[in-house]
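S.K.: My structure is below; once you've seen it, I'll send some questions.
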Amino acid sequence: MDTAYLKIDSMSPDPEVIARAGRILKEGGLVAFPTETVYGLGGDAFNASSSRRIYEAKGRPSDNPLIVHICRFDDINRIASNVPEAARTLADAFWPGPLTMILPKDSALPSETTGGLDTVAVRFPSHPVAAALIDAAGGFVAAPSANRSGRPSTTSGAHCLEDLDGRIDMILDAGEVGIGLESTIVDLTTPVPEILRPGYVTKEMLRKVLGEVETDRGLAEGSDVRPRAPGMKYRHYAPRGVLTVVEGDPGKVTSYINARLDEARAAGKRCGVICTDETAGAYRADVVESTGARADEESAAHSLFRILRDFDTRNVEVIYAEAFPEDGLGGAIMNRLLKAAGHNIVYPGKI
Ligand code: AMP
Ligand code: MG
């Protein structure tokens, strides 16, 4: 299949391009498009065969449900039933924006779209291209991240082309996304709302408007409880090289990583480091990638997936990453980094 690759302005998308992309979706085709979080791989949420095609194009297991994207709050009632008051409260505070809610599914929505679950994930994105495309497609676009299953999510049109060229109908390239990490997922079907995936909207922000909010116990590092968002159980975001996260006192972290880098390079391996500006000059690696200033979590979120992909492009075989503090947005960054590392983390100097 030929994949049409079109540039589109992120603030004022060309209506003709949007109409063409919308037609593709209405006819059962697939389009990768930008959102404020990462790029999505869209299909018509009410078309079971579109959803099957999404799983196929990504190489994604079909029990890993998709997120349904809408462009008007009231449309939530077409895909979810018994929508609780909390959904309206959250929408008033965070929609359109990087938050996904889990609600009881309406029977009209094909079970292919929800991976066979009786709940549905709903998001109302703020990106002007996403909003216009959803509207042009009829209002309901099922879209997981636009990457091949297991690889880091895509944060630019070029990444989408890397993973999906020849597998989908169209890619809309609006340049780099803003946030760089996928949406926060909160489950509203449990007695106390529960975070199933951390993201830009933090637990503190959710608690301010909802009161009590918990985090799924399955997300904790080393937990033997199965995560309740099916996607979180799969290995994810992984670069091809072996990635180790190193946590502890900054001086110890730097000297530990340098010692491991010297060993790896002596063994003829190409090495990389993920760090911040403060320490970037200290490492003896082939590729040193800084996420920005240590205190700049937004910059770290924005660059993490791009950095992981760059290591693949540059054939890096052994990678060490400094850990990030886990408060605020750092929790979402560490969640992705630890998954990318297959939970391979070391604490130098800690007994
Ligand atoms: P992705 O679009 O690649 O970010 O993947 C969508 C994520 O949403 C996956 O991790 C899914 O497991 C999660 N998700 C989608 N629908 C549901 C649902 N009904 N219940 C729990 N998690 C869901
Ligand atoms: Mg994904």
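To be explicit about the labels: the chains of the structure tokens are called A, B, and onward in the order shown, and within each one the residues are counted from 1, while ligands get numbers from 1 in the order they are shown.
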Just list the residues in region 47-151 of chain A DSSP gives alpha helix (DSSP H) on the backbone, as a ChimeraX atom specification.
M.R.: /A:48-58,76-79,85-94,128-136
S.K.: Would you tabulate, counting only C-alpha atoms and all ligand atoms, all residues of chain A that have an atom at most 7 Å from an atom of ligand 2, showing the closest pair of atoms and their distance in Å to one decimal, sorted by chain then ascending number, as a tab-separated table?
M.R.:
```
residue	atom	partner	partner_atom_place_in_ligand_line	distance
A:Pro144	CA	ligand 2	1 (Mg)	5.6
A:Ser145	CA	ligand 2	1 (Mg)	4.3
A:Asn147	CA	ligand 2	1 (Mg)	6.8
A:Ser153	CA	ligand 2	1 (Mg)	5.8
```
S.K.: Would you mind listing the residues within 9 Å of ligand 1, counting only C-alpha atoms and all ligand atoms, as a CSV table (one decimal) with all heavy atoms, in the first residue's frame?
M.R.:
```
chain,number,residue,atom,x,y,z
A,38,VAL,N,1.2,12.5,21.8
A,38,VAL,CA,2.0,11.8,20.8
A,38,VAL,C,1.2,11.7,19.5
A,38,VAL,O,0.0,12.1,19.5
A,38,VAL,CB,2.5,10.4,21.3
A,38,VAL,CG1,3.3,10.5,22.5
A,38,VAL,CG2,1.3,9.5,21.5
A,40,GLY,N,-1.2,9.8,16.9
A,40,GLY,CA,-2.1,8.7,17.0
A,40,GLY,C,-2.3,8.0,15.6
A,40,GLY,O,-2.1,8.6,14.6
A,41,LEU,N,-2.7,6.7,15.7
A,41,LEU,CA,-3.0,6.0,14.5
A,41,LEU,C,-4.5,5.8,14.4
A,41,LEU,O,-5.0,4.9,15.1
A,41,LEU,CB,-2.3,4.7,14.4
A,41,LEU,CG,-2.6,3.7,13.3
A,41,LEU,CD1,-2.5,4.4,11.9
A,41,LEU,CD2,-1.8,2.5,13.3
A,63,ASP,N,-5.9,-7.9,22.3
A,63,ASP,CA,-6.6,-7.7,23.6
A,63,ASP,C,-6.1,-6.4,24.2
A,63,ASP,O,-6.3,-6.1,25.4
A,63,ASP,CB,-6.3,-8.9,24.5
A,63,ASP,CG,-4.8,-9.0,24.9
A,63,ASP,OD1,-4.0,-8.3,24.2
A,63,ASP,OD2,-4.5,-9.7,25.9
A,64,ASN,N,-5.4,-5.5,23.5
A,64,ASN,CA,-4.9,-4.3,24.0
A,64,ASN,C,-5.7,-3.1,23.4
A,64,ASN,O,-5.5,-2.7,22.3
A,64,ASN,CB,-3.4,-4.1,23.6
A,64,ASN,CG,-2.8,-2.9,24.3
A,64,ASN,OD1,-3.4,-2.2,25.1
A,64,ASN,ND2,-1.5,-2.7,24.0
A,65,PRO,N,-6.7,-2.7,24.2
A,65,PRO,CA,-7.8,-1.8,23.6
A,65,PRO,C,-7.3,-0.4,23.1
A,65,PRO,O,-6.2,0.0,23.5
A,65,PRO,CB,-8.8,-1.6,24.7
A,65,PRO,CG,-8.0,-1.9,26.0
A,65,PRO,CD,-6.9,-2.9,25.6
A,66,LEU,N,-8.1,0.2,22.3
A,66,LEU,CA,-7.8,1.5,21.7
A,66,LEU,C,-8.4,2.6,22.5
A,66,LEU,O,-9.4,2.3,23.2
A,66,LEU,CB,-8.2,1.5,20.2
A,66,LEU,CG,-7.9,0.2,19.4
A,66,LEU,CD1,-8.5,0.3,18.0
A,66,LEU,CD2,-6.4,0.1,19.3
A,67,ILE,N,-8.0,3.8,22.3
A,67,ILE,CA,-8.7,5.0,22.9
A,67,ILE,C,-9.6,5.6,21.9
A,67,ILE,O,-9.1,5.8,20.7
A,67,ILE,CB,-7.6,6.0,23.4
A,67,ILE,CG1,-6.8,5.4,24.6
A,67,ILE,CG2,-8.3,7.3,23.9
A,67,ILE,CD1,-5.7,6.2,25.1
A,68,VAL,N,-10.8,5.9,22.2
A,68,VAL,CA,-11.7,6.6,21.3
A,68,VAL,C,-11.6,8.1,21.5
A,68,VAL,O,-11.8,8.6,22.6
A,68,VAL,CB,-13.2,6.1,21.5
A,68,VAL,CG1,-14.1,6.8,20.5
A,68,VAL,CG2,-13.3,4.6,21.3
A,100,THR,N,-7.4,10.8,29.5
A,100,THR,CA,-8.3,9.7,29.0
A,100,THR,C,-9.1,9.2,30.2
A,100,THR,O,-8.5,8.9,31.2
A,100,THR,CB,-7.5,8.6,28.3
A,100,THR,OG1,-6.8,9.1,27.2
A,100,THR,CG2,-8.4,7.4,27.9
A,101,MET,N,-10.4,9.0,30.0
A,101,MET,CA,-11.3,8.4,31.0
A,101,MET,C,-11.8,7.1,30.6
A,101,MET,O,-12.1,6.8,29.5
A,101,MET,CB,-12.5,9.3,31.3
A,101,MET,CG,-12.2,10.7,31.5
A,101,MET,SD,-13.8,11.6,31.8
A,101,MET,CE,-13.4,13.3,31.4
A,102,ILE,N,-11.8,6.1,31.6
A,102,ILE,CA,-12.4,4.8,31.4
A,102,ILE,C,-13.8,4.8,31.9
A,102,ILE,O,-14.0,5.1,33.1
A,102,ILE,CB,-11.5,3.7,32.1
A,102,ILE,CG1,-10.1,3.7,31.7
A,102,ILE,CG2,-12.2,2.3,31.8
A,102,ILE,CD1,-9.8,3.4,30.2
A,103,LEU,N,-14.7,4.4,31.0
A,103,LEU,CA,-16.2,4.4,31.4
A,103,LEU,C,-16.8,3.1,30.9
A,103,LEU,O,-16.3,2.4,30.1
A,103,LEU,CB,-16.8,5.6,30.7
A,103,LEU,CG,-16.3,7.0,31.1
A,103,LEU,CD1,-16.7,8.1,30.1
A,103,LEU,CD2,-16.8,7.4,32.5
A,104,PRO,N,-18.0,2.8,31.5
A,104,PRO,CA,-18.7,1.6,30.9
A,104,PRO,C,-19.0,1.9,29.5
A,104,PRO,O,-19.4,2.9,29.1
A,104,PRO,CB,-20.0,1.6,31.7
A,104,PRO,CG,-19.8,2.5,32.9
A,104,PRO,CD,-18.8,3.5,32.5
A,105,LYS,N,-18.8,0.8,28.6
A,105,LYS,CA,-19.0,0.9,27.2
A,105,LYS,C,-20.4,0.9,26.8
A,105,LYS,O,-21.2,0.1,27.4
A,105,LYS,CB,-18.2,-0.3,26.6
A,105,LYS,CG,-18.4,-0.6,25.1
A,105,LYS,CD,-17.6,-1.8,24.8
A,105,LYS,CE,-17.9,-2.3,23.4
A,105,LYS,NZ,-19.3,-2.6,23.1
A,113,THR,N,-13.0,-2.5,19.0
A,113,THR,CA,-12.4,-1.2,19.4
A,113,THR,C,-11.9,-1.2,20.9
A,113,THR,O,-10.9,-0.5,21.2
A,113,THR,CB,-13.4,-0.1,19.1
A,113,THR,OG1,-13.7,-0.1,17.8
A,113,THR,CG2,-12.8,1.3,19.5
A,114,THR,N,-12.6,-2.0,21.7
A,114,THR,CA,-12.2,-2.0,23.1
A,114,THR,C,-11.5,-3.2,23.5
A,114,THR,O,-11.5,-3.6,24.7
A,114,THR,CB,-13.5,-1.8,24.0
A,114,THR,OG1,-14.4,-2.9,23.8
A,114,THR,CG2,-14.2,-0.5,23.7
A,115,GLY,N,-10.9,-3.9,22.6
A,115,GLY,CA,-10.2,-5.1,22.9
A,115,GLY,C,-11.0,-6.2,23.7
A,115,GLY,O,-10.5,-6.9,24.5
A,116,GLY,N,-12.3,-6.2,23.4
A,116,GLY,CA,-13.2,-7.2,24.0
A,116,GLY,C,-13.6,-6.7,25.4
A,116,GLY,O,-14.4,-7.5,26.1
A,117,LEU,N,-13.2,-5.6,25.9
A,117,LEU,CA,-13.6,-5.2,27.3
A,117,LEU,C,-15.0,-4.5,27.3
A,117,LEU,O,-15.5,-4.1,26.2
A,117,LEU,CB,-12.6,-4.1,27.8
A,117,LEU,CG,-11.2,-4.6,28.0
A,117,LEU,CD1,-10.3,-3.4,28.6
A,117,LEU,CD2,-11.1,-5.8,29.0
A,118,ASP,N,-15.7,-4.5,28.5
A,118,ASP,CA,-17.0,-3.9,28.5
A,118,ASP,C,-16.8,-2.4,29.0
A,118,ASP,O,-17.8,-1.8,29.4
A,118,ASP,CB,-17.9,-4.7,29.4
A,118,ASP,CG,-17.4,-4.9,30.8
A,118,ASP,OD1,-16.3,-4.3,31.1
A,118,ASP,OD2,-18.0,-5.7,31.5
A,119,THR,N,-15.6,-1.9,29.0
A,119,THR,CA,-15.3,-0.5,29.3
A,119,THR,C,-14.7,0.1,28.1
A,119,THR,O,-14.2,-0.6,27.2
A,119,THR,CB,-14.4,-0.3,30.5
A,119,THR,OG1,-13.2,-1.1,30.2
A,119,THR,CG2,-15.0,-0.8,31.8
A,120,VAL,N,-14.8,1.5,28.0
A,120,VAL,CA,-14.2,2.2,26.9
A,120,VAL,C,-13.3,3.3,27.4
A,120,VAL,O,-13.6,4.0,28.4
A,120,VAL,CB,-15.3,2.7,25.9
A,120,VAL,CG1,-16.3,3.7,26.6
A,120,VAL,CG2,-14.7,3.5,24.7
A,121,ALA,N,-12.2,3.6,26.7
A,121,ALA,CA,-11.3,4.7,27.0
A,121,ALA,C,-11.7,5.8,26.1
A,121,ALA,O,-11.8,5.7,24.9
A,121,ALA,CB,-9.9,4.3,26.8
A,122,VAL,N,-11.9,7.0,26.7
A,122,VAL,CA,-12.4,8.2,25.9
A,122,VAL,C,-11.5,9.4,26.1
A,122,VAL,O,-11.1,9.7,27.3
A,122,VAL,CB,-13.8,8.6,26.3
A,122,VAL,CG1,-14.3,9.7,25.3
A,122,VAL,CG2,-14.8,7.4,26.4
A,142,ALA,N,-10.9,5.9,16.7
A,142,ALA,CA,-10.2,5.1,17.6
A,142,ALA,C,-8.7,5.2,17.3
A,142,ALA,O,-8.3,5.1,16.1
A,142,ALA,CB,-10.6,3.6,17.4
A,143,ALA,N,-7.9,5.5,18.3
A,143,ALA,CA,-6.4,5.7,18.0
A,143,ALA,C,-5.5,5.3,19.1
A,143,ALA,O,-5.6,6.0,20.2
A,143,ALA,CB,-6.2,7.2,17.6
A,144,PRO,N,-4.7,4.3,18.9
A,144,PRO,CA,-3.6,4.1,19.8
A,144,PRO,C,-2.4,5.0,19.4
A,144,PRO,O,-2.6,5.7,18.4
A,144,PRO,CB,-3.3,2.6,19.6
A,144,PRO,CG,-3.6,2.4,18.2
A,144,PRO,CD,-4.7,3.4,17.8
A,145,SER,N,-1.3,4.9,20.0
A,145,SER,CA,-0.1,5.7,19.5
A,145,SER,C,0.3,5.1,18.2
A,145,SER,O,0.2,3.9,17.9
A,145,SER,CB,1.0,5.6,20.6
A,145,SER,OG,1.2,4.2,20.9
A,146,ALA,N,0.9,6.0,17.3
A,146,ALA,CA,1.2,5.6,15.9
A,146,ALA,C,2.6,5.0,15.8
A,146,ALA,O,3.4,5.5,15.0
A,146,ALA,CB,1.0,6.8,15.0
A,147,ASN,N,2.9,4.0,16.6
A,147,ASN,CA,4.2,3.3,16.5
A,147,ASN,C,3.9,1.8,16.3
A,147,ASN,O,2.9,1.3,16.6
A,147,ASN,CB,4.9,3.5,17.8
A,147,ASN,CG,4.1,3.1,19.0
A,147,ASN,OD1,3.2,3.9,19.5
A,147,ASN,ND2,4.3,1.9,19.5
A,149,SER,N,4.1,-1.9,17.5
A,149,SER,CA,3.9,-2.4,18.9
A,149,SER,C,5.3,-2.6,19.5
A,149,SER,O,6.2,-3.2,18.9
A,149,SER,CB,3.1,-3.6,18.8
A,149,SER,OG,2.8,-4.0,20.1
A,153,SER,N,6.7,5.5,21.4
A,153,SER,CA,5.7,6.2,20.7
A,153,SER,C,6.3,7.3,19.8
A,153,SER,O,7.4,7.7,20.0
A,153,SER,CB,4.8,6.9,21.8
A,153,SER,OG,4.2,6.0,22.6
A,182,GLU,N,2.3,10.0,26.4
A,182,GLU,CA,0.8,9.7,26.2
A,182,GLU,C,0.0,10.2,27.3
A,182,GLU,O,0.5,10.5,28.4
A,182,GLU,CB,0.6,8.2,26.0
A,182,GLU,CG,1.4,7.4,25.0
A,182,GLU,CD,2.8,7.1,25.6
A,182,GLU,OE1,3.2,7.6,26.6
A,182,GLU,OE2,3.4,6.2,24.9
A,183,SER,N,-1.3,10.3,27.0
A,183,SER,CA,-2.3,10.9,28.0
A,183,SER,C,-2.3,10.1,29.3
A,183,SER,O,-2.0,8.9,29.4
A,183,SER,CB,-3.7,10.8,27.4
A,183,SER,OG,-4.1,9.5,27.1
A,185,ILE,N,-4.3,8.1,32.0
A,185,ILE,CA,-5.6,7.3,31.9
A,185,ILE,C,-6.1,7.2,33.3
A,185,ILE,O,-5.4,6.8,34.2
A,185,ILE,CB,-5.3,5.9,31.3
A,185,ILE,CG1,-4.8,6.0,29.9
A,185,ILE,CG2,-6.7,5.2,31.3
A,185,ILE,CD1,-4.5,4.7,29.2
A,186,VAL,N,-7.4,7.6,33.5
A,186,VAL,CA,-8.0,7.5,34.8
A,186,VAL,C,-9.3,6.7,34.7
A,186,VAL,O,-10.1,6.9,33.8
A,186,VAL,CB,-8.2,8.9,35.5
A,186,VAL,CG1,-9.1,9.8,34.7
A,186,VAL,CG2,-8.8,8.7,36.9
A,187,ASP,N,-9.4,5.7,35.5
A,187,ASP,CA,-10.6,4.8,35.5
A,187,ASP,C,-11.7,5.3,36.4
A,187,ASP,O,-11.5,5.5,37.6
A,187,ASP,CB,-10.1,3.4,36.0
A,187,ASP,CG,-11.2,2.3,35.8
A,187,ASP,OD1,-12.3,2.7,35.5
A,187,ASP,OD2,-10.8,1.1,35.9
A,196,LEU,N,-4.5,4.6,35.8
A,196,LEU,CA,-4.0,3.4,35.1
A,196,LEU,C,-2.7,3.6,34.4
A,196,LEU,O,-2.0,2.7,34.1
A,196,LEU,CB,-5.1,2.8,34.2
A,196,LEU,CG,-6.4,2.5,34.8
A,196,LEU,CD1,-7.3,1.7,33.8
A,196,LEU,CD2,-6.3,1.7,36.1
A,197,ARG,N,-2.5,4.9,34.0
A,197,ARG,CA,-1.3,5.3,33.3
A,197,ARG,C,-1.0,6.7,33.7
A,197,ARG,O,-1.8,7.6,33.4
A,197,ARG,CB,-1.4,5.1,31.8
A,197,ARG,CG,-0.2,5.6,31.0
A,197,ARG,CD,-0.3,5.2,29.5
A,197,ARG,NE,-1.2,6.1,28.8
A,197,ARG,CZ,-1.6,6.0,27.5
A,197,ARG,NH1,-1.1,5.0,26.8
A,197,ARG,NH2,-2.4,6.9,27.0
A,227,PRO,N,-1.2,-5.0,35.9
A,227,PRO,CA,-1.8,-3.7,35.6
A,227,PRO,C,-3.1,-3.8,35.0
A,227,PRO,O,-3.4,-4.7,34.2
A,227,PRO,CB,-0.8,-3.0,34.7
A,227,PRO,CG,0.4,-3.9,34.6
A,227,PRO,CD,0.0,-5.2,35.1
A,228,ARG,N,-4.1,-2.9,35.4
A,228,ARG,CA,-5.4,-3.0,34.9
A,228,ARG,C,-5.6,-2.4,33.5
A,228,ARG,O,-6.6,-2.7,32.8
A,228,ARG,CB,-6.4,-2.4,35.9
A,228,ARG,CG,-6.4,-3.3,37.2
A,228,ARG,CD,-7.5,-3.1,38.1
A,228,ARG,NE,-8.7,-2.6,37.5
A,228,ARG,CZ,-9.1,-1.3,37.5
A,228,ARG,NH1,-8.3,-0.4,38.2
A,228,ARG,NH2,-10.1,-0.9,36.9
A,229,ALA,N,-4.7,-1.5,33.0
A,229,ALA,CA,-4.7,-1.1,31.6
A,229,ALA,C,-4.0,-2.2,30.9
A,229,ALA,O,-2.8,-2.4,31.1
A,229,ALA,CB,-4.1,0.3,31.4
A,230,PRO,N,-4.7,-2.9,30.0
A,230,PRO,CA,-4.0,-4.1,29.4
A,230,PRO,C,-2.7,-3.7,28.7
A,230,PRO,O,-1.8,-4.5,28.7
A,230,PRO,CB,-5.0,-4.5,28.3
A,230,PRO,CG,-6.4,-4.0,28.8
A,230,PRO,CD,-6.1,-2.8,29.6
A,231,GLY,N,-2.6,-2.4,28.2
A,231,GLY,CA,-1.4,-2.0,27.5
A,231,GLY,C,-0.2,-2.0,28.4
A,231,GLY,O,1.0,-2.2,27.9
A,232,MET,N,-0.4,-1.8,29.7
A,232,MET,CA,0.8,-1.6,30.6
A,232,MET,C,1.5,-2.9,30.9
A,232,MET,O,2.5,-3.0,31.5
A,232,MET,CB,0.3,-0.9,31.9
A,232,MET,CG,-0.3,0.4,31.7
A,232,MET,SD,0.7,1.6,30.7
A,232,MET,CE,1.9,2.2,31.9
A,233,LYS,N,0.9,-4.1,30.5
A,233,LYS,CA,1.5,-5.4,30.9
A,233,LYS,C,2.6,-5.7,29.8
A,233,LYS,O,3.4,-6.5,30.0
A,233,LYS,CB,0.5,-6.5,31.0
A,233,LYS,CG,-0.1,-7.0,29.7
A,233,LYS,CD,-1.0,-8.1,30.0
A,233,LYS,CE,-1.6,-8.7,28.7
A,233,LYS,NZ,-3.0,-8.5,28.6
A,234,TYR,N,2.4,-5.1,28.6
A,234,TYR,CA,3.3,-5.4,27.5
A,234,TYR,C,4.6,-4.6,27.6
A,234,TYR,O,4.7,-3.5,28.1
A,234,TYR,CB,2.7,-5.1,26.2
A,234,TYR,CG,1.5,-6.0,25.9
A,234,TYR,CD1,0.2,-5.5,25.9
A,234,TYR,CD2,1.7,-7.4,25.6
A,234,TYR,CE1,-0.8,-6.4,25.6
A,234,TYR,CE2,0.7,-8.2,25.3
A,234,TYR,CZ,-0.6,-7.7,25.3
A,234,TYR,OH,-1.7,-8.5,25.1
```
S.K.: Which residues are near Ser126 (chain A)? Cut-off 8 Å, only C-alpha atoms, ignore same chain within fewer than 5 positions. Put them as JSON, numbers by chain.
M.R.: {"A": [35, 36, 95, 96, 97, 98, 131]}
S.K.: Create the file for the chosen residues now, containing C-alpha atoms and written as a short mmCIF file (atom, residue, chain, number, x, y, z; two decimals), in the first residue's frame.
M.R.:
```cif
data_model
loop_
_atom_site.label_atom_id
_atom_site.label_comp_id
_atom_site.auth_asym_id
_atom_site.auth_seq_id
_atom_site.Cartn_x
_atom_site.Cartn_y
_atom_site.Cartn_z
CA THR A 35 -2.20 15.21 19.00
CA GLU A 36 -0.82 17.30 21.86
CA TRP A 95 -10.74 18.68 28.28
CA PRO A 96 -9.84 19.25 25.59
CA GLY A 97 -6.47 17.94 26.77
CA PRO A 98 -4.15 15.05 27.66
CA ALA A 131 -9.98 18.12 16.54
#
```
S.K.: Would you mind reading off the distance between CA of Ile195 (chain A) and CA of Glu212 (chain A), one decimal, in Å?
M.R.: 11.2 Å
S.K.: From the options A:Ser50, A:Thr89, A:Thr254, A:Ser62, which residue's atoms come nearest to Leu30 (chain A), counting only C-alpha atoms?
M.R.: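 That would be A:Ser50, the residue with the smallest distance to Leu30 (chain A).
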S.K.: With the cut-off set at 12 Å and counting only C-alpha atoms, tabulate each residue of region 170-253 of chain A with an atom at most that distance from an atom of region 279-290 of chain A, showing the nearest atom pair and its distance in Å to one decimal, ordered by chain and increasing number, as CSV.
M.R.:
```
residue,atom,partner,partner_atom,distance
A:Pro250,CA,A:Thr279,CA,8.6
A:Gly251,CA,A:Thr279,CA,9.3
A:Lys252,CA,A:Thr279,CA,11.8
A:Val253,CA,A:Thr279,CA,10.1
```
S.K.: Write the selection just made, keeping all heavy atoms, as a compact mmCIF listing (two decimals), in the first residue's frame?
M.R.:
```
# COMPACT_ATOMS: atom_id res chain seq x y z
N PRO A 250 23.90 12.00 42.63
CA PRO A 250 24.38 12.32 41.28
C PRO A 250 25.84 11.95 41.02
O PRO A 250 26.17 11.41 39.96
CB PRO A 250 24.16 13.84 41.19
CG PRO A 250 23.07 14.13 42.15
CD PRO A 250 23.18 13.12 43.25
N GLY A 251 26.73 12.22 41.98
CA GLY A 251 28.15 11.90 41.77
C GLY A 251 28.35 10.41 41.59
O GLY A 251 29.09 9.96 40.69
N LYS A 252 27.67 9.62 42.43
CA LYS A 252 27.80 8.14 42.35
C LYS A 252 27.23 7.63 41.04
O LYS A 252 27.76 6.70 40.44
CB LYS A 252 27.06 7.48 43.52
CG LYS A 252 27.80 7.57 44.83
CD LYS A 252 27.29 6.51 45.80
CE LYS A 252 28.02 6.62 47.12
NZ LYS A 252 27.18 7.15 48.21
N VAL A 253 26.11 8.22 40.61
CA VAL A 253 25.47 7.79 39.36
C VAL A 253 26.44 8.00 38.20
O VAL A 253 26.69 7.10 37.39
CB VAL A 253 24.14 8.55 39.13
CG1 VAL A 253 23.62 8.34 37.71
CG2 VAL A 253 23.09 8.10 40.14
```
S.K.: Nearest to Asn258 (chain A) among A:Tyr237, A:Phe305, A:Tyr320, A:Phe311, with distances taken over only C-alpha atoms: which residue is it?
M.R.: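 Using only C-alpha atoms, Asn258 (chain A) sits closest to A:Tyr320.
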S.K.: Residues at most 8 Å from Thr3 (chain A), counting only C-alpha atoms, excluding those fewer than 3 positions away in the same chain, as an MDAnalysis selection string?
M.R.: chainID A and resid 165:171
S.K.: Produce a file of the selected residues containing N, CA, C and O atoms, as a PDB file, in the first residue's frame.
M.R.:
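Just written: result_11.pdb:
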```
ATOM      1  N   ASP A 165       5.222   3.328   7.266  1.00  0.00           N
ATOM      2  CA  ASP A 165       5.220   3.529   5.814  1.00  0.00           C
ATOM      3  C   ASP A 165       4.813   2.226   5.118  1.00  0.00           C
ATOM      4  O   ASP A 165       5.344   1.161   5.425  1.00  0.00           O
ATOM      5  N   GLY A 166       3.845   2.317   4.198  1.00  0.00           N
ATOM      6  CA  GLY A 166       3.388   1.136   3.466  1.00  0.00           C
ATOM      7  C   GLY A 166       2.335   0.319   4.215  1.00  0.00           C
ATOM      8  O   GLY A 166       1.806  -0.644   3.673  1.00  0.00           O
ATOM      9  N   ARG A 167       2.024   0.697   5.453  1.00  0.00           N
ATOM     10  CA  ARG A 167       1.077  -0.091   6.263  1.00  0.00           C
ATOM     11  C   ARG A 167      -0.237   0.641   6.496  1.00  0.00           C
ATOM     12  O   ARG A 167      -1.202   0.037   6.976  1.00  0.00           O
ATOM     13  N   ILE A 168      -0.262   1.971   6.238  1.00  0.00           N
ATOM     14  CA  ILE A 168      -1.479   2.758   6.474  1.00  0.00           C
ATOM     15  C   ILE A 168      -1.711   3.684   5.278  1.00  0.00           C
ATOM     16  O   ILE A 168      -0.836   3.815   4.416  1.00  0.00           O
ATOM     17  N   ASP A 169      -2.884   4.352   5.246  1.00  0.00           N
ATOM     18  CA  ASP A 169      -3.228   5.144   4.067  1.00  0.00           C
ATOM     19  C   ASP A 169      -2.577   6.515   4.041  1.00  0.00           C
ATOM     20  O   ASP A 169      -2.216   7.013   2.988  1.00  0.00           O
ATOM     21  N   MET A 170      -2.443   7.144   5.214  1.00  0.00           N
ATOM     22  CA  MET A 170      -1.965   8.536   5.209  1.00  0.00           C
ATOM     23  C   MET A 170      -1.286   8.900   6.514  1.00  0.00           C
ATOM     24  O   MET A 170      -1.655   8.382   7.584  1.00  0.00           O
ATOM     25  N   ILE A 171      -0.281   9.780   6.405  1.00  0.00           N
ATOM     26  CA  ILE A 171       0.342  10.377   7.596  1.00  0.00           C
ATOM     27  C   ILE A 171       0.205  11.890   7.466  1.00  0.00           C
ATOM     28  O   ILE A 171       0.573  12.461   6.437  1.00  0.00           O
TER      29      ILE A 171
END
```
S.K.: Excluding same-chain residues fewer than 6 positions from Arg240 (chain A), what lies within 12 Å of it counting only C-alpha atoms, as a PyMOL selection string?
M.R.: chain A and resi 150-152+272+308-319+340-342
S.K.: Quick check for you: according to DSSP on this backbone, which residues of region 53-144 of chain A are classed as strand (DSSP E)? Reply as a list in words.
M.R.: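 The strand (DSSP E) subset of region 53-144 of chain A is Ile67, Val68, His69, Leu99, Thr100, Met101, Ile102, Leu103, Pro104, Thr119, Val120, Ala121, Val122, Arg123, Val141 and Ala142 of chain A.
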S.K.: Do you have the CA of Ala87 (chain A)-CA of Phe46 (chain A) distance handy?
M.R.: 21.7 Å
S.K.: Between A:Val177, A:Leu338, A:Leu188, A:Leu210, single out the one closest to Pro84 (chain A), counting only C-alpha atoms.
M.R.: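 Looking at the shortest contact to Pro84 (chain A), the residue is A:Leu188.
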S.K.: For CA of Arg148 (chain A) and CA of Gly42 (chain A), determine how far apart the two atoms are, in Å to one decimal place.
M.R.: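 Value for the CA of Arg148 (chain A)-CA of Gly42 (chain A) distance: 13.6 Å.
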S.K.: Near Ala48 (chain A), within 10 Å and counting only C-alpha atoms, which residues show up once chain neighbours fewer than 6 positions away are dropped, as a ChimeraX atom specification?
M.R.: /A:28,109-113
S.K.: Keeping only C-alpha atoms, take the residues you just selected and write them out as a PDB file, in the first residue's frame.
M.R.:
```
ATOM      1  CA  GLY A  28     -12.436   2.365   6.693  1.00  0.00           C
ATOM      2  CA  LEU A 109     -19.465   0.451  19.976  1.00  0.00           C
ATOM      3  CA  PRO A 110     -17.811  -2.619  18.379  1.00  0.00           C
ATOM      4  CA  SER A 111     -15.974  -4.827  20.871  1.00  0.00           C
ATOM      5  CA  GLU A 112     -12.956  -4.876  18.507  1.00  0.00           C
ATOM      6  CA  THR A 113     -12.373  -1.215  19.399  1.00  0.00           C
TER       7      THR A 113
END
```
S.K.: Please provide as a list of chain:residue names all residues within 6 Å of region 172-174 of chain A, with the sequence filter that same-chain residues fewer than 5 positions apart are discarded (counting only C-alpha atoms).
M.R.: A:Leu6, A:Lys7, A:Ile8, A:Asp9, A:Ser10, A:Phe33, A:Gly157
S.K.: Which one of A:Ala300, A:Pro61, A:Gly248, A:Gly328 sits closest to Gly349 (chain A) if you count only C-alpha atoms?
M.R.: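 Using only C-alpha atoms, Gly349 (chain A) sits closest to A:Gly248.
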